[in-house]
Amino acid sequence: MCGIVGYIGFRQAYPVVINGLKRLEYRGYDSAGICVIDKDPVTYKCKGKVVDLETLVGKQLNGQIGIGHTRWATHGEPNDVNAHPHESMNGKFILIHNGIIENYSNLRCKLEKRGYTFKSETDTEVLVNLIEYIYLKGNVTPEIAVRLALTKVVGAYGIVVVNRDEPDTLIAARKGSPLVIGVGEGEYFVASDATPIVEYTNSVIFLNDNDVAILKKNQMVLKTIYNEALEPNVQVLDLDIEAIEKGGFEHFMLKEIYEQPRSIHDTFRGRIALDPAEIHLGGLYKVLPNLIDAKRIILIGCGTSWHAAQVGEYLLEEIARIPVEVEYASEFRYRNPIINPDDIVIAISQSGETADTLAAIRMAKEAGAMVLGICNVVGSSIPRETHAGVYTHAGPEIGVASTKAFTAQVTVLVMMALLLGRKRGTLTQDQYKELIEELYRVPQKIERILENDPTVQNIAKRFKDATNFLYLGRGFYFPVALEGALKLKEISYIHAEGYPAAEMKHGPIALIDDTMPVVVIAPHDNTYEKIVSNIQEVKARKGVVIAIVTEGDITIKGMADYVIEVPQSNEAVGALLTVIPLQLLAYHIALLRGCNVDQPRNLAKSVTVE
């Protein structure tokens, strides 16, 4: 969850680290800290954001080695003392950490019996003191002390360590939490992801679990925590610096909403052809026979990715006629699920580092199932741990509330459903061609929806002070209702619930009165008459209806209080269109309420702890 940055080389480290922390602040932003080493380490840390850290420092710190951290609190409340970096009791080691040390309490008790005292409530301070204890007690090198300490911890970590006796070296290690090494000419960068690195180098090494990197200005040694030598696997990133800038938009979230015509097109570009109509998903080529013959597919994800999986369930069952189950990755591994060797498990994640999803993947693999991935980040853990998969090509998503990642994931699921439907004979060639053309037209239709933003803004002004929202949808649009409610909760802090429209009568209807806005996703499909009845039920109880309807709709327009139109489409791609106004509505309401749209409270972009 936290963001960590390290630098060693010929540049001044302070601007590299501070700018890197700003790029990683979407991973956590309740406190921040920095340590720069010249002759001696100098450390500053405080509660608040990176800008508060800059104010605290108030000057340029000199030194060509530095580490920095921006925190999402797990152990210990956000305050100055619990902020990273953490220093060991005798000052020998300084450490930054992303992850959770699960056995920290037991380790802390053992260290206290050996005379160690602690200033913070964090598990990280326990780790840095454990490293120091082994270093002093065993009279070993800093590298050995780090490696030995890591063999004794249970949990997840991405760490960078500085030793006061060898201040010309950074030691980085990873297990469960992502860590990337940027390779330059006479310099190295360390970060939780590539965003702080790309402006300096596009050559990176993705560390695997139990990897350790020992970095000097002109030297890098890779090994495992068990002292096994490793050969560097340097990869070249295809990532432009412009992709991680706001590009003239007020917020990353708004930019990413408006990028969706392009990100959806990038996701299907080169994968679909119109004449002759065909879909080619190269990442699934070797496993396509398994997918065609699948008896059951299990889709797993968390948060927005789980909502995309629910859309995928409708798509795969409706179009390809394959039984599908959708599971929260966070619950999957704890309920002793039945996994058969001929099951296909598809893990969906924007970051590729979601801890619960990774744990579910490993469990499914142990049970003998084939595991595929749908992921946005090249080189991340999920693509490396699955048998095959498809990248979404959404580009970097910095806003904590996911927008373009969701539509890119659904785009991949649409392509998979169409491809399998044709291969399994549940789609005729004419149907296949028609649906491919429908998908191809989606970016242009989203452009038209975005032109209606002023309408959404006016609705947002009316409801910015609401305390509750209800979102209703049927069929393909029920997961869209869930996603719309989640977006509003995440960034505006208004309580919102998504429901299947028919289930309203089984409880939620009790909440409806003249103060309750009800968002109904109601395009003209085969459930249209039923959703009209649901709207009438809301209106009969004086509920206020905001309806997402197909262009030209007359019936619902005459009933709803507010209407947002979307272009006519086949329901197979309907989720890609109807979710756009809901994203905009959440954004504008949050903005009017004075909320931090890109960095909502208590949330972080990449959930790398369980």
# chains A, B, ... in the order shown; residues from 1 in each chain; ligands from 1

call {"tool": "residues_around", "arguments": {"residues": "Val378 (chain A)", "least_positions_apart": "2", "cutoff": "9 Å", "atoms": "only C-alpha atoms", "output": "PyMOL selection string"}}
result
chain A and resi 237+352+375-376+380-381+383+391

call {"tool": "closest_atom_pairs", "arguments": {"of": "region 144-224 of chain A", "to": "region 355-365 of chain A", "cutoff": "12 Å", "atoms": "only C-alpha atoms", "output": "JSON lines"}}
result
{"residue": "A:Gly155", "atom": "CA", "partner": "A:Ala355", "partner_atom": "CA", "distance": 10.9}
{"residue": "A:Ala156", "atom": "CA", "partner": "A:Ala355", "partner_atom": "CA", "distance": 9.1}
{"residue": "A:Tyr157", "atom": "CA", "partner": "A:Ala355", "partner_atom": "CA", "distance": 11.4}
{"residue": "A:Lys175", "atom": "CA", "partner": "A:Ala355", "partner_atom": "CA", "distance": 10.9}
{"residue": "A:Gly176", "atom": "CA", "partner": "A:Ala355", "partner_atom": "CA", "distance": 7.1}
{"residue": "A:Ser177", "atom": "CA", "partner": "A:Ala355", "partner_atom": "CA", "distance": 8.0}
{"residue": "A:Pro178", "atom": "CA", "partner": "A:Ala355", "partner_atom": "CA", "distance": 10.1}

call {"tool": "residues_around", "arguments": {"residues": "region 115-126 of chain A", "least_positions_apart": "2", "cutoff": "10 Å", "atoms": "only C-alpha atoms", "output": "PyMOL selection string"}}
result
chain A and resi 73-77+79-90+94-113+128-133+157+159

call {"tool": "select_by_dssp", "arguments": {"residues": "region 74-290 of chain A", "states": "helix (DSSP H, G or I)", "output": "JSON, numbers by chain"}}
result
{"A": [104, 105, 106, 107, 108, 109, 110, 111, 112, 113, 123, 124, 125, 126, 127, 128, 129, 130, 131, 132, 133, 134, 135, 136, 137, 138, 142, 143, 144, 145, 146, 147, 148, 149, 150, 241, 242, 243, 244, 252, 253, 254, 255, 256, 257, 258, 260, 261, 262, 263, 264, 265, 266, 267, 268, 282, 283, 284, 285, 286, 287, 288, 289, 290]}

call {"tool": "closest_atom_pairs", "arguments": {"of": "region 533-588 of chain A", "to": "region 397-417 of chain A", "cutoff": "8 Å", "atoms": "only C-alpha atoms", "output": "Markdown table"}}
result
| residue | atom | partner | partner_atom | distance |
| --- | --- | --- | --- | --- |
| A:Ala572 | CA | A:Val414 | CA | 7.1 |
| A:Val573 | CA | A:Val414 | CA | 7.3 |
| A:Ala575 | CA | A:Val410 | CA | 7.9 |
| A:Leu576 | CA | A:Thr407 | CA | 5.7 |
| A:Gln583 | CA | A:Thr403 | CA | 7.0 |

call {"tool": "write_last_selection", "arguments": {"atoms": "all heavy atoms", "output": "compact mmCIF listing (two decimals), in the first residue's frame"}}
result
# COMPACT_ATOMS: atom_id res chain seq x y z
N ALA A 572 -24.21 -6.33 -24.56
CA ALA A 572 -22.89 -6.92 -24.34
C ALA A 572 -21.83 -5.86 -24.08
O ALA A 572 -20.84 -6.11 -23.40
CB ALA A 572 -22.48 -7.78 -25.53
N VAL A 573 -22.03 -4.66 -24.63
CA VAL A 573 -21.09 -3.57 -24.38
C VAL A 573 -21.73 -2.45 -23.58
O VAL A 573 -21.13 -1.40 -23.37
CB VAL A 573 -20.52 -2.99 -25.71
CG1 VAL A 573 -19.76 -4.06 -26.47
CG2 VAL A 573 -21.62 -2.39 -26.56
N ALA A 575 -22.31 -2.03 -20.42
CA ALA A 575 -21.64 -1.61 -19.19
C ALA A 575 -20.57 -0.56 -19.48
O ALA A 575 -20.33 0.33 -18.65
CB ALA A 575 -21.01 -2.82 -18.49
N LEU A 576 -19.92 -0.67 -20.62
CA LEU A 576 -18.86 0.27 -20.98
C LEU A 576 -19.40 1.68 -21.18
O LEU A 576 -18.67 2.66 -20.98
CB LEU A 576 -18.15 -0.19 -22.25
CG LEU A 576 -17.40 -1.51 -22.15
CD1 LEU A 576 -16.95 -1.98 -23.53
CD2 LEU A 576 -16.20 -1.38 -21.22
N GLN A 583 -19.41 7.58 -13.23
CA GLN A 583 -18.08 8.07 -12.84
C GLN A 583 -18.08 9.59 -12.75
O GLN A 583 -17.55 10.17 -11.79
CB GLN A 583 -17.03 7.60 -13.85
CG GLN A 583 -16.84 6.10 -13.90
CD GLN A 583 -15.97 5.67 -15.06
OE1 GLN A 583 -15.66 6.46 -15.97
NE2 GLN A 583 -15.54 4.41 -15.07

call {"tool": "select_by_dssp", "arguments": {"residues": "region 75-289 of chain A", "states": "strand (DSSP E or B)", "output": "PyMOL selection string"}}
result
chain A and resi 86-87+93-101+155-163+166-176+180-183+188-191+203-206+211-216+219-224+229+235-236+272-274+277-279

call {"tool": "atom_distance", "arguments": {"atom1": "CA of Ala394 (chain A)", "atom2": "CA of Val377 (chain A)"}}
result
8.9 Å

call {"tool": "residues_around", "arguments": {"residues": "Arg271 (chain A)", "least_positions_apart": "2", "cutoff": "9 Å", "atoms": "only C-alpha atoms", "output": "list in words"}}
result
Thr267, Phe268, Arg269, Ala273, Glu278, Ile279, His280, Leu281, Gly282 and Met415 of chain A

call {"tool": "closest_residue", "arguments": {"among": "A:Pro567, A:Gly28, A:Gly507, A:Gly473", "to": "Ala547 (chain A)", "atoms": "only C-alpha atoms"}}
result
A:Gly473
